[in-house]
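Everything below belongs to target19.pdb, which stores PDB, C-alpha atoms.
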ATOM      1  CA  MET A1071     -34.705   1.203 -69.939
ATOM      2  CA  ALA A1072     -33.127  -1.067 -67.297
ATOM      3  CA  GLY A1073     -29.841  -0.961 -69.222
ATOM      4  CA  ALA A1074     -29.782   2.835 -69.001
ATOM      5  CA  ALA A1075     -30.423   2.719 -65.252
ATOM      6  CA  LEU A1076     -27.682   0.128 -64.790
ATOM      7  CA  SER A1077     -25.274   2.219 -66.865
ATOM      8  CA  ALA A1078     -26.045   5.316 -64.784
ATOM      9  CA  GLU A1079     -25.472   3.314 -61.575
ATOM     10  CA  VAL A1080     -22.157   1.946 -62.901
ATOM     11  CA  ASP A1081     -21.062   5.460 -63.846
ATOM     12  CA  ARG A1082     -22.098   6.711 -60.402
ATOM     13  CA  ALA A1083     -20.092   3.923 -58.754
ATOM     14  CA  ARG A1084     -17.091   4.758 -60.963
ATOM     15  CA  LEU A1085     -17.342   8.459 -60.111
ATOM     16  CA  LYS A1086     -17.666   7.728 -56.386
ATOM     17  CA  ASN A1087     -14.576   5.531 -56.610
ATOM     18  CA  LEU A1088     -12.714   8.342 -58.394
ATOM     19  CA  LEU A1089     -13.903  10.798 -55.752
ATOM     20  CA  ILE A1090     -12.699   8.636 -52.875
ATOM     21  CA  GLN A1091      -9.443   7.441 -54.427
ATOM     22  CA  ASP A1092      -8.270  10.414 -56.477
ATOM     23  CA  CYS A1093      -9.825  13.400 -54.697
ATOM     24  CA  GLY A1094      -9.379  11.672 -51.349
ATOM     25  CA  SER A1095      -5.624  11.363 -51.884
ATOM     26  CA  CYS A1096      -5.324  15.139 -51.344
ATOM     27  CA  HIS A1097      -8.587  16.088 -49.638
ATOM     28  CA  GLY A1098      -8.637  13.142 -47.219
ATOM     29  CA  LEU A1099     -10.575   9.915 -47.595
ATOM     30  CA  THR A1100     -13.402  11.417 -45.548
ATOM     31  CA  MET A1101     -13.131  14.736 -47.456
ATOM     32  CA  ASN A1102     -12.226  16.525 -44.202
ATOM     33  CA  GLY A1103      -9.062  17.977 -45.697
ATOM     34  CA  GLY A1104      -5.422  17.117 -46.038
ATOM     35  CA  LEU A1105      -3.091  18.681 -48.592
ATOM     36  CA  GLY A1106      -6.283  20.111 -50.105
ATOM     37  CA  ARG A1107      -9.050  21.954 -48.300
ATOM     38  CA  PRO A1108     -12.060  20.080 -46.882
ATOM     39  CA  LEU A1109     -14.719  19.061 -49.389
ATOM     40  CA  THR A1110     -17.467  18.362 -46.902
ATOM     41  CA  GLN A1111     -21.040  19.491 -47.426
ATOM     42  CA  ASP A1112     -20.540  22.179 -44.793
ATOM     43  CA  ALA A1113     -17.247  23.417 -46.289
ATOM     44  CA  LEU A1114     -18.890  23.788 -49.712
ATOM     45  CA  LYS A1115     -22.216  25.282 -48.585
ATOM     46  CA  ASP A1116     -21.398  28.774 -49.913
ATOM     47  CA  PHE A1117     -20.171  27.548 -53.297
ATOM     48  CA  PRO A1118     -22.676  27.072 -56.126
ATOM     49  CA  VAL A1119     -22.503  23.626 -57.724
ATOM     50  CA  GLU A1120     -21.334  25.289 -60.960
ATOM     51  CA  THR A1121     -18.331  26.770 -59.154
ATOM     52  CA  VAL A1122     -17.394  23.390 -57.691
ATOM     53  CA  ARG A1123     -17.772  21.815 -61.151
ATOM     54  CA  ASP A1124     -15.550  24.472 -62.719
ATOM     55  CA  ILE A1125     -12.867  24.055 -60.051
ATOM     56  CA  ILE A1126     -12.866  20.311 -60.693
ATOM     57  CA  LEU A1127     -12.536  20.876 -64.431
ATOM     58  CA  ASP A1128     -10.041  23.755 -64.470
ATOM     59  CA  GLY A1129      -8.177  23.397 -61.171
ATOM     60  CA  LEU A1130      -6.993  26.331 -59.097
ATOM     61  CA  PRO A1131      -3.892  28.049 -60.494
ATOM     62  CA  GLY A1132      -1.189  28.601 -57.903
ATOM     63  CA  THR A1133      -2.383  25.646 -55.801
ATOM     64  CA  PRO A1134      -1.844  21.878 -56.017
ATOM     65  CA  MET A1135      -5.416  21.494 -57.386
ATOM     66  CA  PRO A1136      -4.949  20.198 -60.958
ATOM     67  CA  PRO A1137      -7.386  20.557 -63.832
ATOM     68  CA  TRP A1138      -9.360  17.377 -64.451
ATOM     69  CA  ARG A1139     -10.856  18.582 -67.750
ATOM     70  CA  PRO A1140      -8.519  16.358 -69.809
ATOM     71  CA  LEU A1141      -9.732  13.314 -67.860
ATOM     72  CA  MET A1142     -13.478  13.824 -67.434
ATOM     73  CA  SER A1143     -16.483  15.412 -69.074
ATOM     74  CA  GLU A1144     -18.421  18.397 -67.788
ATOM     75  CA  GLN A1145     -21.285  16.025 -66.927
ATOM     76  CA  GLU A1146     -18.984  13.837 -64.825
ATOM     77  CA  ALA A1147     -17.541  16.870 -63.026
ATOM     78  CA  ALA A1148     -21.073  18.145 -62.398
ATOM     79  CA  ALA A1149     -22.093  14.767 -60.964
ATOM     80  CA  ILE A1150     -19.101  14.834 -58.594
ATOM     81  CA  ALA A1151     -19.916  18.429 -57.621
ATOM     82  CA  HIS A1152     -23.491  17.369 -56.798
ATOM     83  CA  MET A1153     -22.194  14.427 -54.730
ATOM     84  CA  LEU A1154     -19.920  16.744 -52.758
ATOM     85  CA  LYS A1155     -22.597  19.428 -52.254
ATOM     86  CA  SER A1156     -25.122  16.832 -51.064
ATOM     87  CA  GLY A1157     -22.648  15.023 -48.814
ATOM     88  CA  ASP A1158     -23.122  11.828 -50.857
ATOM     89  CA  THR A1159     -19.466  10.782 -50.913
ATOM     90  CA  ARG A1160     -19.725   7.190 -49.633
TER      91      ARG A1160
END

With the file now loaded, output its structure as structure tokens.
Amino acid sequence: MAGAALSAEVDRARLKNLLIQDCGSCHGLTMNGGLGRPLTQDALKDFPVETVRDIILDGLPGTPMPPWRPLMSEQEAAAIAHMLKSGDTR
């Protein structure tokens, strides 16, 4: 059981690092915006977590937002969406 908890924590740390480094390169390291729109808790308050997950996975055509589906699972995208919606980005 402890191994599963450790694995989940490692995955969470990896996803937070991806969020800060990869998402932060366009959305700003504090998620307050840059090339991409802000991804703060307040900026995402009207978006259901499923919508945020789907945008992460499929990108936004006609914008610089790329699809991440080839690089992450739906569960990973959902975890990132939950982090963003809850403001848990650090």

Next on the checklist: Considering only C-alpha atoms, can you say which of A:Thr1133, A:Thr1121, A:Gln1111, A:Asn1102 comes closest to Leu1154 in chain A?
Outcome noted: A:Gln1111

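Near (-18.0, 22.4, -56.7), the residues that fall inside 10 Å on the basis of only C-alpha atoms are Leu1109, Leu1114, Lys1115, Asp1116, Phe1117, Pro1118, Val1119, Glu1120, Thr1121, Val1122, Arg1123, Asp1124, Ile1125, Ile1126, Leu1127, Ala1147, Ala1148, Ala1149, Ile1150, Ala1151, His1152, Met1153, Leu1154 and Lys1155 of chain A.
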
Next on the checklist: Need the shell around Met1135 in chain A: protein/DNA/RNA residues with any atom at most 10 Å away, counting only C-alpha atoms. Skip same-chain ones fewer than 6 positions apart. Format as a list of chain:residue names?
Outcome noted: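 After dropping sequence-adjacent residues, the list is A:Cys1093, A:Cys1096, A:His1097, A:Leu1105, A:Gly1106, A:Arg1107, A:Ile1125, A:Ile1126, A:Asp1128, A:Gly1129.
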
Item to check | Atom pair CA of Met1142 in chain A / CA of Asn1087 in chain A: separation (Å) | outcome: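 Interatomic distance, CA of Met1142 in chain A to CA of Asn1087 in chain A: 13.7 Å.
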
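From CA of Thr1159 in chain A back to CA of Lys1086 in chain A, the distance works out to 6.5 Å.
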
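Here CA of Gly1157 in chain A stands at a distance of 6.5 Å from CA of Thr1110 in chain A.
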
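Near Leu1099 in chain A, within a cut-off of 9 Å and counting all atoms listed in the file, sit the residues A:Leu1089, A:Ile1090, A:Gln1091, A:Cys1093, with same-chain residues fewer than 6 positions away left out.
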
Checklist outcome for this item: In terms of all atoms listed in the file, the residue from A:Leu1130, A:Ser1143, A:Leu1088, A:Asp1081 at minimal distance from Arg1160 in chain A is A:Leu1088

Box for range 1082-1098 of chain A - axis-aligned, 6 Å on each of the six sides, all listed atoms - centre and size in Å to one decimal, as lines of an AutoDock Vina configuration file.
center_x = -13.7
center_y = 10.0
center_z = -54.1
size_x = 28.8
size_y = 24.2
size_z = 25.7

Item to check | Nearest residue to Pro1136 in chain A from the set A:Gly1098, A:Asp1112, A:Ser1156, A:Asp1092 (distances using only C-alpha atoms) | outcome: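 The shortest atom-to-atom distance to Pro1136 in chain A comes from A:Asp1092.
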